[in-house]
Amino acid sequence: LDEAVFDLNRYRTPDFTVIDAAVGMAKAHLWGPTCSPPVGKIVASYDPVAVDAYGTGLLKKSWRDIGHIKMANGILGRAEPLDVREPTHA
């Protein structure tokens, strides 16, 4: 499955990627228990690898353990270093 995800993204790399991690689901994106406490973040970037790497960190995992992110790193984007900017409230 990791090779298929990587190949699809190599064929058509996303222009802009958004992760809705307002709640967070640690097992899979469509099923399973929600994160407790909720993650409470929206993540976006023009670099799809950076977004996925950051998202794995939100779930307390390493992007190096996710095959398609490891394959895409350095080819479709960069998992490190991450430049994270959070909005400030006025």
# chains A, B, ... in the order shown; residues from 1 in each chain; ligands from 1
>>> select_by_dssp(residues="range 45-83 of chain A", states="helix (DSSP H, G or I)", output="VMD selection string")
chain A and resid 48 to 58 63 to 65 67 to 72
>>> write_last_selection(atoms="N, CA and C atoms", output="short mmCIF file (atom, residue, chain, number, x, y, z; two decimals), in the first residue's frame")
data_model
loop_
_atom_site.label_atom_id
_atom_site.label_comp_id
_atom_site.auth_asym_id
_atom_site.auth_seq_id
_atom_site.Cartn_x
_atom_site.Cartn_y
_atom_site.Cartn_z
N PRO A 48 3.48 18.49 0.80
CA PRO A 48 2.68 17.39 1.34
C PRO A 48 3.45 16.48 2.29
N VAL A 49 4.74 16.35 2.09
CA VAL A 49 5.54 15.49 2.96
C VAL A 49 5.67 16.12 4.34
N ALA A 50 5.86 17.43 4.37
CA ALA A 50 5.95 18.15 5.65
C ALA A 50 4.66 18.01 6.44
N VAL A 51 3.51 18.14 5.77
CA VAL A 51 2.22 18.01 6.45
C VAL A 51 2.06 16.61 7.03
N ASP A 52 2.38 15.58 6.24
CA ASP A 52 2.26 14.21 6.74
C ASP A 52 3.22 13.95 7.90
N ALA A 53 4.44 14.46 7.79
CA ALA A 53 5.42 14.26 8.87
C ALA A 53 4.94 14.94 10.15
N TYR A 54 4.43 16.15 10.03
CA TYR A 54 3.92 16.86 11.20
C TYR A 54 2.71 16.13 11.78
N GLY A 55 1.84 15.64 10.90
CA GLY A 55 0.65 14.91 11.35
C GLY A 55 0.99 13.65 12.11
N THR A 56 2.01 12.92 11.68
CA THR A 56 2.40 11.73 12.43
C THR A 56 2.90 12.10 13.82
N GLY A 57 3.58 13.23 13.93
CA GLY A 57 4.03 13.70 15.24
C GLY A 57 2.88 14.04 16.16
N LEU A 58 1.80 14.59 15.59
CA LEU A 58 0.62 14.91 16.40
C LEU A 58 0.03 13.65 17.02
N TRP A 63 7.47 9.82 11.56
CA TRP A 63 7.25 9.71 10.11
C TRP A 63 8.16 8.65 9.50
N ARG A 64 9.28 8.36 10.14
CA ARG A 64 10.22 7.36 9.62
C ARG A 64 9.63 5.94 9.65
N ASP A 65 8.59 5.75 10.44
CA ASP A 65 7.93 4.44 10.53
C ASP A 65 6.78 4.30 9.53
N GLY A 67 5.87 4.08 5.75
CA GLY A 67 6.58 3.79 4.51
C GLY A 67 6.45 4.83 3.42
N HIS A 68 5.23 5.29 3.11
CA HIS A 68 5.08 6.22 1.99
C HIS A 68 5.66 7.60 2.30
N ILE A 69 5.69 8.00 3.57
CA ILE A 69 6.31 9.27 3.93
C ILE A 69 7.83 9.14 3.80
N LYS A 70 8.35 8.02 4.26
CA LYS A 70 9.79 7.77 4.16
C LYS A 70 10.24 7.75 2.70
N MET A 71 9.44 7.14 1.82
CA MET A 71 9.77 7.10 0.39
C MET A 71 9.69 8.48 -0.25
N ALA A 72 8.73 9.28 0.17
CA ALA A 72 8.50 10.60 -0.43
C ALA A 72 9.49 11.65 0.06
#
>>> atom_distance(atom1="CA of Ala21 in chain A", atom2="CA of Ser45 in chain A")
13.9 Å
>>> residues_around(residues="Met25 in chain A", least_positions_apart="5", cutoff="12 Å", atoms="only C-alpha atoms", output="count of residues only")
18
>>> atom_distance(atom1="CA of Leu8 in chain A", atom2="CA of Leu76 in chain A")
11.3 Å
>>> closest_residue(among="A:Asp15, A:Ile75, A:Ile66, A:His89", to="Asp2 in chain A", atoms="only C-alpha atoms")
A:Ile66
>>> atom_distance(atom1="CA of Leu1 in chain A", atom2="CA of Ala28 in chain A")
14.2 Å
>>> select_by_dssp(residues="chain A", states="strand (DSSP E)", output="short mmCIF file (atom, residue, chain, number, x, y, z; two decimals) with C-alpha atoms, in the first residue's frame")
data_model
loop_
_atom_site.label_atom_id
_atom_site.label_comp_id
_atom_site.auth_asym_id
_atom_site.auth_seq_id
_atom_site.Cartn_x
_atom_site.Cartn_y
_atom_site.Cartn_z
CA THR A 17 -2.40 19.84 1.60
CA VAL A 18 -4.64 20.30 4.65
CA ILE A 19 -5.06 18.01 7.67
CA ASP A 20 -8.08 18.58 9.88
CA ALA A 21 -6.75 17.41 13.22
CA LYS A 41 -5.09 21.69 15.13
CA ILE A 42 -5.54 22.43 11.45
CA VAL A 43 -2.31 21.85 9.49
CA ALA A 44 -1.66 23.17 5.98
CA SER A 45 1.31 23.45 3.62
#
